[in-house]
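**Q** This is my_file.tsv (TSV, C-alpha atoms).
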```
chain	number	residue	atom	x	y	z
A	165	MET	CA	-136.34	225.98	198.13
A	166	LYS	CA	-139.95	225.09	197.56
A	167	LYS	CA	-139.73	221.36	196.82
A	168	ILE	CA	-137.59	218.37	197.83
A	169	TYR	CA	-137.67	214.75	196.71
A	170	PHE	CA	-137.79	211.87	199.21
A	171	ILE	CA	-136.23	208.69	197.75
A	172	THR	CA	-138.38	206.08	199.46
A	173	SER	CA	-140.95	203.40	198.80
A	174	ASN	CA	-142.38	203.78	202.33
A	175	LYS	CA	-145.64	205.76	202.40
A	176	GLY	CA	-145.57	206.08	206.19
A	177	LYS	CA	-142.17	207.76	206.21
A	178	LEU	CA	-143.28	210.00	203.34
A	179	VAL	CA	-146.36	211.25	205.19
A	180	GLU	CA	-144.34	211.90	208.35
A	181	ALA	CA	-141.79	213.97	206.41
A	182	GLN	CA	-144.48	215.83	204.44
A	183	LYS	CA	-146.17	216.86	207.67
A	184	LYS	CA	-142.96	218.25	209.17
A	185	PHE	CA	-141.71	219.98	206.00
A	186	SER	CA	-145.08	221.64	205.40
A	187	GLU	CA	-144.45	223.61	208.61
A	188	ILE	CA	-141.57	225.38	206.86
A	189	GLY	CA	-143.34	225.71	203.49
A	190	ILE	CA	-141.49	222.96	201.61
A	191	GLU	CA	-143.31	220.31	199.58
A	192	VAL	CA	-141.96	216.74	199.86
A	193	VAL	CA	-142.42	214.67	196.69
A	194	GLN	CA	-141.95	210.91	196.69
A	195	ASN	CA	-139.45	209.40	194.27
A	196	ASN	CA	-139.32	205.64	193.96
A	197	ILE	CA	-136.07	205.22	191.96
A	198	GLY	CA	-134.41	203.36	194.85
A	199	TYR	CA	-130.69	202.90	195.53
A	200	PRO	CA	-128.46	199.99	196.56
A	201	GLU	CA	-128.20	199.61	200.32
A	202	ILE	CA	-124.72	198.35	201.09
A	203	GLN	CA	-123.73	195.87	203.78
A	204	ALA	CA	-121.98	198.03	206.36
A	205	ASP	CA	-121.57	198.41	210.11
A	206	SER	CA	-123.48	201.67	210.38
A	207	LEU	CA	-126.60	203.35	209.02
A	208	GLU	CA	-124.42	206.35	208.24
A	209	GLU	CA	-122.38	204.36	205.72
A	210	VAL	CA	-125.55	202.95	204.10
A	211	ALA	CA	-127.10	206.42	203.79
A	212	PHE	CA	-123.87	208.05	202.56
A	213	PHE	CA	-123.40	205.45	199.84
A	214	GLY	CA	-127.08	205.79	198.89
A	215	VAL	CA	-126.76	209.54	198.43
A	216	GLU	CA	-123.60	209.26	196.34
A	217	HIS	CA	-125.30	206.66	194.16
A	218	VAL	CA	-128.48	208.72	193.60
A	219	LEU	CA	-126.42	211.84	192.83
A	220	LYS	CA	-124.97	210.15	189.75
A	221	ASN	CA	-128.33	210.18	187.96
A	222	PHE	CA	-130.54	212.62	189.81
A	223	LYS	CA	-129.89	216.34	189.83
A	224	SER	CA	-132.63	217.75	192.08
A	225	PRO	CA	-132.15	218.06	195.88
A	226	PHE	CA	-133.42	215.00	197.73
A	227	ILE	CA	-133.51	213.19	201.07
A	228	LEU	CA	-133.42	209.51	202.03
A	229	GLU	CA	-133.61	207.67	205.36
A	230	ASP	CA	-132.37	204.44	206.92
A	231	ALA	CA	-133.18	203.09	210.38
A	232	GLY	CA	-132.41	200.11	212.61
A	233	LEU	CA	-132.61	198.56	216.07
A	234	PHE	CA	-129.26	197.95	217.80
A	235	ILE	CA	-129.27	195.55	220.77
A	236	ASP	CA	-126.28	195.79	223.13
A	237	THR	CA	-126.06	192.19	224.29
A	238	LEU	CA	-126.31	190.95	220.67
A	239	LYS	CA	-123.36	193.14	219.61
A	240	GLY	CA	-125.64	195.54	217.75
A	241	PHE	CA	-127.71	192.86	215.99
A	242	PRO	CA	-130.02	193.25	214.04
A	243	GLY	CA	-128.68	196.79	213.36
A	244	VAL	CA	-128.27	197.75	209.74
A	245	TYR	CA	-130.05	194.51	208.76
A	246	SER	CA	-133.13	195.08	210.93
A	247	ALA	CA	-135.59	194.83	208.03
A	248	TYR	CA	-134.10	191.56	206.77
A	249	VAL	CA	-134.00	190.01	210.26
A	250	PHE	CA	-137.59	191.11	210.90
A	251	HIS	CA	-138.75	189.37	207.72
A	252	THR	CA	-136.89	186.15	208.55
A	253	VAL	CA	-136.68	185.40	212.28
A	254	GLY	CA	-138.89	188.31	213.40
A	255	CYS	CA	-139.61	189.63	216.92
A	256	ASP	CA	-139.94	186.05	218.18
A	257	GLY	CA	-136.44	185.25	216.96
A	258	VAL	CA	-134.97	188.31	218.68
A	259	LEU	CA	-136.73	187.40	221.97
A	260	LYS	CA	-135.44	183.84	221.66
A	261	LEU	CA	-131.86	185.07	221.22
A	262	MET	CA	-132.30	187.00	224.49
A	263	ASN	CA	-134.19	184.39	226.54
A	264	ASP	CA	-131.41	184.21	229.14
A	265	THR	CA	-130.62	187.93	229.12
A	266	LYS	CA	-131.51	189.68	232.38
A	267	VAL	CA	-133.70	192.79	232.40
A	268	LYS	CA	-130.80	195.12	233.23
A	269	ASP	CA	-128.85	193.85	230.21
A	270	ARG	CA	-131.66	194.22	227.66
A	271	ILE	CA	-130.52	197.69	226.54
A	272	ALA	CA	-131.19	198.68	222.92
A	273	VAL	CA	-131.35	201.77	220.76
A	274	PHE	CA	-133.46	202.62	217.75
A	275	ARG	CA	-131.51	204.80	215.30
A	276	SER	CA	-132.61	206.77	212.27
A	277	VAL	CA	-130.40	208.58	209.78
A	278	PHE	CA	-131.75	211.10	207.30
A	279	ALA	CA	-129.43	212.13	204.48
A	280	TYR	CA	-129.66	215.21	202.30
A	281	GLY	CA	-128.22	215.08	198.79
A	282	LYS	CA	-127.56	217.95	196.40
A	283	SER	CA	-125.33	217.84	193.36
A	284	ASP	CA	-122.72	220.40	194.48
A	285	LEU	CA	-122.63	219.26	198.12
A	286	LYS	CA	-121.18	216.46	200.24
A	287	PRO	CA	-124.02	214.34	201.70
A	288	HIS	CA	-125.34	215.79	204.98
A	289	LEU	CA	-126.46	213.31	207.66
A	290	PHE	CA	-128.96	213.86	210.52
A	291	ILE	CA	-129.10	211.28	213.29
A	292	GLY	CA	-131.90	210.53	215.73
A	293	GLU	CA	-131.78	208.00	218.56
A	294	CYS	CA	-134.28	206.53	220.99
A	295	LYS	CA	-132.80	204.51	223.86
A	296	GLY	CA	-134.77	201.79	225.59
A	297	VAL	CA	-134.94	198.12	226.48
A	298	ILE	CA	-136.17	194.94	224.82
A	299	SER	CA	-139.30	193.58	226.54
A	300	ILE	CA	-139.55	190.00	227.86
A	301	VAL	CA	-142.59	189.21	225.70
A	302	LYS	CA	-144.34	190.93	222.79
A	303	ARG	CA	-146.92	193.50	223.87
A	304	GLY	CA	-149.36	195.70	221.94
A	305	ASN	CA	-150.84	195.76	218.46
A	306	ASN	CA	-150.00	199.22	217.11
A	307	GLY	CA	-147.05	200.25	214.97
A	308	PHE	CA	-144.93	197.84	212.93
A	309	GLY	CA	-141.61	196.00	212.92
A	310	TYR	CA	-139.98	195.72	216.34
A	311	ASP	CA	-142.51	198.03	218.03
A	312	PRO	CA	-144.05	195.18	220.15
A	313	ILE	CA	-140.69	194.43	221.84
A	314	PHE	CA	-139.22	197.93	222.30
A	315	ILE	CA	-139.87	199.95	225.47
A	316	PRO	CA	-138.41	203.49	225.23
A	317	GLN	CA	-136.67	205.10	228.20
A	318	ASN	CA	-139.06	206.86	230.62
A	319	SER	CA	-141.99	204.65	229.62
A	320	ASP	CA	-143.47	201.33	230.73
A	321	LYS	CA	-145.19	200.73	227.40
A	322	THR	CA	-143.81	199.19	224.23
A	323	PHE	CA	-144.09	201.30	221.06
A	324	ALA	CA	-146.89	198.93	219.98
A	325	GLU	CA	-148.88	199.87	223.10
A	326	MET	CA	-148.75	203.60	222.27
A	327	ASN	CA	-150.83	205.67	219.88
A	328	ILE	CA	-148.96	207.41	217.06
A	329	SER	CA	-148.53	210.78	218.70
A	330	GLU	CA	-147.26	209.21	221.93
A	331	LYS	CA	-144.81	207.04	219.96
A	332	ASN	CA	-143.64	210.02	217.89
A	333	SER	CA	-142.80	211.97	221.04
A	334	TYR	CA	-140.08	209.35	221.72
A	335	SER	CA	-139.26	208.26	218.21
A	336	HIS	CA	-135.79	208.11	216.66
A	337	ARG	CA	-137.20	209.16	213.27
A	338	GLY	CA	-138.99	212.12	214.82
A	339	LYS	CA	-135.65	213.30	216.20
A	340	SER	CA	-133.62	212.91	212.99
A	341	LEU	CA	-136.39	214.63	211.05
A	342	GLU	CA	-136.35	217.49	213.58
A	343	LYS	CA	-132.61	218.01	212.96
A	344	LEU	CA	-133.15	217.92	209.20
A	345	ILE	CA	-135.86	220.58	209.49
A	346	ASP	CA	-133.58	222.78	211.63
A	347	PHE	CA	-130.97	222.55	208.89
A	348	PHE	CA	-133.48	223.62	206.24
A	349	LYS	CA	-134.60	226.53	208.36
A	350	LYS	CA	-131.03	227.88	208.18
A	351	ILE	CA	-130.38	227.51	204.44
B	162	MET	CA	-105.03	184.21	179.40
B	163	LYS	CA	-102.08	183.82	181.77
B	164	LYS	CA	-103.20	185.89	184.75
B	165	ILE	CA	-106.43	186.79	186.54
B	166	TYR	CA	-107.10	189.03	189.54
B	167	PHE	CA	-109.10	187.84	192.55
B	168	ILE	CA	-110.81	190.77	194.33
B	169	THR	CA	-110.69	189.47	197.90
B	170	SER	CA	-109.17	190.14	201.30
B	171	ASN	CA	-109.49	186.45	202.25
B	172	LYS	CA	-106.17	184.60	202.04
B	173	GLY	CA	-107.85	181.20	202.42
B	174	LYS	CA	-110.08	181.74	199.40
B	175	LEU	CA	-107.10	183.06	197.44
B	176	VAL	CA	-104.97	179.96	198.10
B	177	GLU	CA	-107.86	177.65	197.16
B	178	ALA	CA	-108.38	179.48	193.86
B	179	GLN	CA	-104.63	179.63	193.11
B	180	LYS	CA	-104.36	175.87	193.57
B	181	LYS	CA	-107.22	175.14	191.16
B	182	PHE	CA	-106.22	177.71	188.52
B	183	SER	CA	-102.61	176.51	188.50
B	184	GLU	CA	-103.91	173.23	187.05
B	185	ILE	CA	-104.89	175.08	183.88
B	186	GLY	CA	-101.81	177.30	183.80
B	187	ILE	CA	-103.40	180.55	185.03
B	188	GLU	CA	-101.86	182.65	187.79
B	189	VAL	CA	-104.31	184.12	190.34
B	190	VAL	CA	-103.18	187.48	191.77
B	191	GLN	CA	-104.84	188.97	194.85
B	192	ASN	CA	-106.31	192.47	194.57
B	193	ASN	CA	-107.56	194.13	197.72
B	194	ILE	CA	-109.47	197.10	196.24
B	195	GLY	CA	-112.77	195.79	197.60
B	196	TYR	CA	-116.29	196.60	196.45
B	197	PRO	CA	-119.58	197.49	198.14
B	198	GLU	CA	-121.65	194.46	199.04
B	199	ILE	CA	-125.31	195.41	198.67
B	200	GLN	CA	-128.20	194.27	200.85
B	201	ALA	CA	-130.07	191.83	198.63
B	202	ASP	CA	-131.99	188.56	198.77
B	203	SER	CA	-129.44	186.53	196.85
B	204	LEU	CA	-125.68	186.08	196.60
B	205	GLU	CA	-126.09	186.42	192.83
B	206	GLU	CA	-127.29	190.02	193.18
B	207	VAL	CA	-124.44	190.86	195.56
B	208	ALA	CA	-121.83	189.37	193.20
B	209	PHE	CA	-123.38	190.94	190.08
B	210	PHE	CA	-123.40	194.41	191.66
B	211	GLY	CA	-119.82	193.88	192.88
B	212	VAL	CA	-118.59	193.04	189.38
B	213	GLU	CA	-120.35	196.03	187.80
B	214	HIS	CA	-118.82	198.29	190.45
B	215	VAL	CA	-115.27	196.98	190.02
B	216	LEU	CA	-115.54	197.22	186.21
B	217	LYS	CA	-115.92	200.99	186.47
B	218	ASN	CA	-112.34	201.42	187.66
B	219	PHE	CA	-110.52	198.20	186.90
B	220	LYS	CA	-109.80	197.08	183.36
B	221	SER	CA	-108.10	193.68	183.78
B	222	PRO	CA	-110.12	190.42	183.96
B	223	PHE	CA	-110.96	189.46	187.55
B	224	ILE	CA	-113.02	187.16	189.77
B	225	LEU	CA	-114.78	187.68	193.10
B	226	GLU	CA	-116.76	185.37	195.38
B	227	ASP	CA	-119.60	185.57	197.91
B	228	ALA	CA	-120.97	182.77	200.08
B	229	GLY	CA	-123.63	182.15	202.73
B	230	LEU	CA	-125.58	179.63	204.78
B	231	PHE	CA	-129.34	179.46	204.08
B	232	ILE	CA	-131.51	177.72	206.70
B	233	ASP	CA	-134.95	176.60	205.53
B	234	THR	CA	-136.88	176.94	208.79
B	235	LEU	CA	-135.45	180.45	209.34
B	236	LYS	CA	-136.65	181.60	205.87
B	237	GLY	CA	-133.11	181.57	204.52
B	238	PHE	CA	-131.51	183.38	207.47
B	239	PRO	CA	-128.58	184.16	207.84
B	240	GLY	CA	-128.19	183.93	204.04
B	241	VAL	CA	-126.55	186.89	202.37
B	242	TYR	CA	-125.73	188.29	205.84
B	243	SER	CA	-123.99	185.16	207.13
B	244	ALA	CA	-120.75	186.95	207.96
B	245	TYR	CA	-122.50	189.72	209.91
B	246	VAL	CA	-124.68	187.25	211.83
B	247	PHE	CA	-121.65	185.10	212.63
B	248	HIS	CA	-119.84	188.09	214.12
B	249	THR	CA	-122.85	189.14	216.22
B	250	VAL	CA	-124.99	186.23	217.45
B	251	GLY	CA	-122.70	183.47	216.10
B	252	CYS	CA	-123.25	179.70	215.92
B	253	ASP	CA	-124.77	179.76	219.42
B	254	GLY	CA	-127.38	182.29	218.29
B	255	VAL	CA	-128.33	180.20	215.27
B	256	LEU	CA	-128.68	177.07	217.44
B	257	LYS	CA	-130.83	179.04	219.89
B	258	LEU	CA	-133.15	180.20	217.11
B	259	MET	CA	-133.62	176.52	216.21
B	260	ASN	CA	-133.90	175.00	219.69
B	261	ASP	CA	-137.43	173.76	219.05
B	262	THR	CA	-136.80	172.71	215.44
B	263	LYS	CA	-136.96	168.94	214.92
B	264	VAL	CA	-134.11	167.08	213.23
B	265	LYS	CA	-136.07	166.52	209.99
B	266	ASP	CA	-136.73	170.25	209.67
B	267	ARG	CA	-133.12	171.40	210.18
B	268	ILE	CA	-132.37	171.52	206.44
B	269	ALA	CA	-129.84	174.08	205.23
B	270	VAL	CA	-127.67	174.82	202.25
B	271	PHE	CA	-124.26	176.43	201.95
B	272	ARG	CA	-124.00	178.44	198.72
B	273	SER	CA	-121.05	180.01	196.95
B	274	VAL	CA	-121.12	182.28	193.92
B	275	PHE	CA	-118.02	183.08	191.91
B	276	ALA	CA	-118.30	185.94	189.43
B	277	TYR	CA	-116.07	186.67	186.46
B	278	GLY	CA	-115.69	190.26	185.29
B	279	LYS	CA	-114.16	191.55	182.06
B	280	SER	CA	-114.65	195.00	180.58
B	281	ASP	CA	-116.42	193.97	177.36
B	282	LEU	CA	-118.55	191.25	178.97
B	283	LYS	CA	-121.67	190.89	181.12
B	284	PRO	CA	-120.73	189.39	184.53
B	285	HIS	CA	-120.64	185.58	184.45
B	286	LEU	CA	-121.78	183.76	187.62
B	287	PHE	CA	-120.84	180.24	188.78
B	288	ILE	CA	-122.86	178.70	191.59
B	289	GLY	CA	-121.93	175.89	193.97
B	290	GLU	CA	-124.17	174.37	196.63
B	291	CYS	CA	-123.75	171.93	199.50
B	292	LYS	CA	-126.95	170.66	201.08
B	293	GLY	CA	-127.04	169.44	204.65
B	294	VAL	CA	-128.56	169.93	208.10
B	295	ILE	CA	-127.88	172.10	211.14
B	296	SER	CA	-126.56	170.03	214.06
B	297	ILE	CA	-128.17	170.08	217.53
B	298	VAL	CA	-124.96	171.21	219.23
B	299	LYS	CA	-121.61	172.55	218.02
B	300	ARG	CA	-119.11	169.81	217.16
B	301	GLY	CA	-115.46	169.88	216.02
B	302	ASN	CA	-112.63	172.40	216.03
B	303	ASN	CA	-111.53	172.64	212.40
B	304	GLY	CA	-112.63	175.12	209.76
B	305	PHE	CA	-114.26	178.45	210.52
B	306	GLY	CA	-117.63	180.24	210.58
B	307	TYR	CA	-120.61	177.91	210.70
B	308	ASP	CA	-118.52	174.76	210.15
B	309	PRO	CA	-119.19	173.43	213.72
B	310	ILE	CA	-122.97	173.34	213.13
B	311	PHE	CA	-123.20	172.20	209.48
B	312	ILE	CA	-123.44	168.49	208.59
B	313	PRO	CA	-123.33	167.93	204.81
B	314	GLN	CA	-125.57	165.36	203.13
B	315	ASN	CA	-124.09	161.84	203.13
B	316	SER	CA	-121.97	162.49	206.21
B	317	ASP	CA	-122.39	162.21	209.98
B	318	LYS	CA	-119.67	164.75	210.71
B	319	THR	CA	-119.88	168.53	210.85
B	320	PHE	CA	-117.48	170.44	208.57
B	321	ALA	CA	-115.51	171.28	211.73
B	322	GLU	CA	-114.96	167.55	212.39
B	323	MET	CA	-113.42	167.00	208.94
B	324	ASN	CA	-109.91	167.65	207.66
B	325	ILE	CA	-109.56	170.12	204.78
B	326	SER	CA	-109.53	167.61	201.93
B	327	GLU	CA	-112.59	165.80	203.29
B	328	LYS	CA	-114.42	169.11	203.71
B	329	ASN	CA	-113.42	170.24	200.21
B	330	SER	CA	-114.90	167.09	198.67
B	331	TYR	CA	-118.32	168.34	199.83
B	332	SER	CA	-117.77	172.08	199.77
B	333	HIS	CA	-119.98	174.65	198.02
B	334	ARG	CA	-116.93	176.74	197.15
B	335	GLY	CA	-115.14	173.73	195.67
B	336	LYS	CA	-118.13	173.24	193.36
B	337	SER	CA	-118.48	176.85	192.20
B	338	LEU	CA	-114.72	177.00	191.62
B	339	GLU	CA	-114.92	173.80	189.57
B	340	LYS	CA	-117.54	175.40	187.29
B	341	LEU	CA	-115.43	178.53	186.94
B	342	ILE	CA	-112.42	176.41	185.93
B	343	ASP	CA	-114.52	174.54	183.34
B	344	PHE	CA	-115.51	177.89	181.85
B	345	PHE	CA	-111.87	178.97	181.59
B	346	LYS	CA	-110.92	175.71	179.94
B	347	LYS	CA	-113.33	176.57	177.11
B	348	ILE	CA	-112.30	180.19	176.44
```
Can you dump the structure from the file as C-alpha cells?
**A**
Amino acid sequence: MKKIYFITSNKGKLVEAQKKFSEIGIEVVQNNIGYPEIQADSLEEVAFFGVEHVLKNFKSPFILEDAGLFIDTLKGFPGVYSAYVFHTVGCDGVLKLMNDTKVKDRIAVFRSVFAYGKSDLKPHLFIGECKGVISIVKRGNNGFGYDPIFIPQNSDKTFAEMNISEKNSYSHRGKSLEKLIDFFKKI
Amino acid sequence: MKKIYFITSNKGKLVEAQKKFSEIGIEVVQNNIGYPEIQADSLEEVAFFGVEHVLKNFKSPFILEDAGLFIDTLKGFPGVYSAYVFHTVGCDGVLKLMNDTKVKDRIAVFRSVFAYGKSDLKPHLFIGECKGVISIVKRGNNGFGYDPIFIPQNSDKTFAEMNISEKNSYSHRGKSLEKLIDFFKKI
C-alpha cells in the first residue's frame, strides 16, 4: 500500500498521522466526507459504526479516529461527548463538577481509538490510553481542549504546560497511532 | 390507517402515545428494533437520521421520539445528550454547574420531537416545547430525569412536585404528540 485516506476535518490529527505514516512510506490523504458519530458508551462503538457507514460509499482503504476524556468520579463523563461538553460547559464546568473531589479521587484517562476500514475487512480498532489526574485549577496555555486540566501519570505538568514533543511522549493518540503503524508494518 | 409502530424501548412513552392515538382509532404497537442516535446539535437531526435508518429495513409506517433539556446559560447543555448527562453527573451535577447563576438567568426549555416514517415519504417532524427555569435545589419525588429541577412557566412547582395529569398539561411531549395526532387526523 502506498496511500491511505484519513476521514477527518482536523488538520492537527492529519499532520500527526502523516508524520508517522511517512516513516513507513505511506502517504496519508485527508478526506472530509465525514460520518455520523453515534451516541454510545464507548469510543469503540462510535468508531466501528463510523467505519461501517463510510464503507457503504467509499471503496479505498481509510482510517478515522475518535478520542475522549473519561473521569472516574463523574462515571466516565464527558467521555464520548468530550467535544460537545468542551464547547458548552468547558474546562471550567468540569472543574466545578469536581470542586469537592479530593486529589486522590481525581483519576481520569484520555483515550484515543483509530479505526482502519477496507471494503473486504471487518473494521480494525487500535486503542491508546493516557492515565492521569484532573488538576485543581487550569494551568498552561499550550495544546487545546482539556489540556489545561489534565496531568498525565509521572508528570507534575498539565498537557497545556508541555511543549508538543513532551506531550506526545505521553499522549493517548500517539499510542493508538503507534499500534496502527505496527499493524501496517505487518501487512 | 389502523395501526402504527412506535420504535421505542420506553414503556412510559408507549402508554402515553397509545392513549392519545386511541382517541382517533389507531392502535400503537411497540417495536424494539432500535436505531443509532447520532451526535448532533439538535433533536431534529437525531430523529431525522433515526427515521432514515429504520426505513432501510422496516416497511410499515412508524413513529419515534427524542427529547432533551436545553439550559440557556450552559449553551444548551445537556441538550441532545440529556440522558447520558443524567446517568453520569445527574441533577446534582447540573445544579452545581449553575451554582452562581442568578434566578433570572436560569432559563431552560424541555423539547420533544416526534418523527413519522413511511417508506414513500420524507420524515415528518413534530416539535413540542415547554419553557421554564432550573430550580435552586431539587424538589419533589414524582416523575423521572430532570423533573426535580425543572419549573415550567406559569407554575411554582417542579415537574417532580406535580401529579401526572398536571405535568402533562405543561409537558413538551404532550405538545409534540398533540401535533402528531393533528397530522394523523388530516391524512
**Q** Could you name the residues that touch Asp205 of chain A at 9 Å or less, counting all atoms listed in the file, but leaving out those on the same chain fewer than 6 positions away, as a PDB file with C-alpha atoms, in the frame of the given file?
**A**
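Wrote around12.pdb, looks like this:
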```pdb
ATOM      1  CA  GLY A 243    -128.680 196.790 213.360  1.00  0.00           C
ATOM      2  CA  VAL A 244    -128.270 197.750 209.740  1.00  0.00           C
TER       3      VAL A 244
ATOM      4  CA  TYR B 245    -122.500 189.720 209.910  1.00  0.00           C
TER       5      TYR B 245
END
```
**Q** Which of these, B:Pro222, B:Gly173, B:Pro239, B:Gly186, has the shortest distance to chain A once you count all atoms listed in the file?
**A**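 Using all atoms listed in the file, the shortest distance to chain A belongs to B:Pro239.
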**Q** Write out as a list in words the residues lying within 10 Å of Asn315 of chain B, counting all atoms listed in the file and excluding same-chain residues fewer than 2 positions away.
**A**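 Here the answer would be Lys292, Gly293, Ile312, Pro313, Asp317, Lys318 and Tyr331 of chain B.
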**Q** When you get a sec, could you note down which chain A residues fall within 6 Å of chain B, using all atoms listed in the file, as a PyMOL selection string?
**A** chain A and resi 200-203+238-239+252-253
**Q** Would you compute an axis-aligned box for segment 170-178 of chain A, covering every atom listed for it in the file with 4 Å of margin on each side, and report centre and edge lengths in Å to one decimal as AutoDock Vina command-line options?
**A**
```
--center_x -140.9 --center_y 207.6 --center_z 202.0 --size_x 17.4 --size_y 16.5 --size_z 16.5
```
**Q** So how many Å separate atom CA of Asn302 of chain B and atom CA of Ser316 of chain B, to one decimal?
**A** 16.8 Å
**Q** From the options A:Asp346, A:Asp311, A:Glu208, A:Asp284, which residue's atoms come nearest to Ala231 of chain A, counting all atoms listed in the file?
**A**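 Of A:Asp346, A:Asp311, A:Glu208, A:Asp284, the one nearest Ala231 of chain A is A:Glu208, counting all atoms listed in the file.
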**Q** Excluding Lys172 of chain B and any residue of its chain fewer than 4 positions from it, enumerate the residues within 12 Å of it, using only C-alpha atoms, and give them as a PyMOL selection string.
**A** chain B and resi 167-168+176-179+189-193
**Q** Could you turn the residues from that selection into a file that holds C-alpha atoms, as a PDB file, keeping the file's coordinate frame?
**A**
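To be explicit, this is the file written out as selection_19.pdb:
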```pdb
ATOM      1  CA  PHE B 167    -109.100 187.840 192.550  1.00  0.00           C
ATOM      2  CA  ILE B 168    -110.810 190.770 194.330  1.00  0.00           C
ATOM      3  CA  VAL B 176    -104.970 179.960 198.100  1.00  0.00           C
ATOM      4  CA  GLU B 177    -107.860 177.650 197.160  1.00  0.00           C
ATOM      5  CA  ALA B 178    -108.380 179.480 193.860  1.00  0.00           C
ATOM      6  CA  GLN B 179    -104.630 179.630 193.110  1.00  0.00           C
ATOM      7  CA  VAL B 189    -104.310 184.120 190.340  1.00  0.00           C
ATOM      8  CA  VAL B 190    -103.180 187.480 191.770  1.00  0.00           C
ATOM      9  CA  GLN B 191    -104.840 188.970 194.850  1.00  0.00           C
ATOM     10  CA  ASN B 192    -106.310 192.470 194.570  1.00  0.00           C
ATOM     11  CA  ASN B 193    -107.560 194.130 197.720  1.00  0.00           C
TER      12      ASN B 193
END
```
**Q** Please, what distance in Å, to one decimal, runs between atom CA of Ile345 of chain A and atom CA of Asn327 of chain A?
**A** 23.5 Å
**Q** Got a sec: who's within 6 Å of Ile313 of chain A, counting all atoms listed in the file, leaving out chain neighbours fewer than 6 positions off, as number ranges by chain?
**A** A: 298-299, 302
**Q** As an exercise, work out the distance from atom CA of Ile185 of chain B to atom CA of Val274 of chain B in Å and give it to one decimal place.
**A** 20.4 Å
**Q** Any idea what's packed within 8 Å of Asn306 of chain A, counting all atoms listed in the file, ignoring anything in its chain fewer than 4 positions away? Could you give it as a compact mmCIF listing (two decimals) with C-alpha atoms, keeping the file's coordinate frame?
**A**
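Written out: around-v2.txt:
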```
# COMPACT_ATOMS: atom_id res chain seq x y z
CA ASP A 311 -142.51 198.03 218.03
CA PRO A 312 -144.05 195.18 220.15
CA PHE A 323 -144.09 201.30 221.06
CA ALA A 324 -146.89 198.93 219.98
CA GLU A 325 -148.88 199.87 223.10
CA MET A 326 -148.75 203.60 222.27
CA ASN A 327 -150.83 205.67 219.88
```
**Q** Which of these, A:Thr322, A:Ser335, A:Ser246, A:Ser186, has the shortest distance to Lys167 of chain A once you count all atoms listed in the file?
**A** A:Ser186
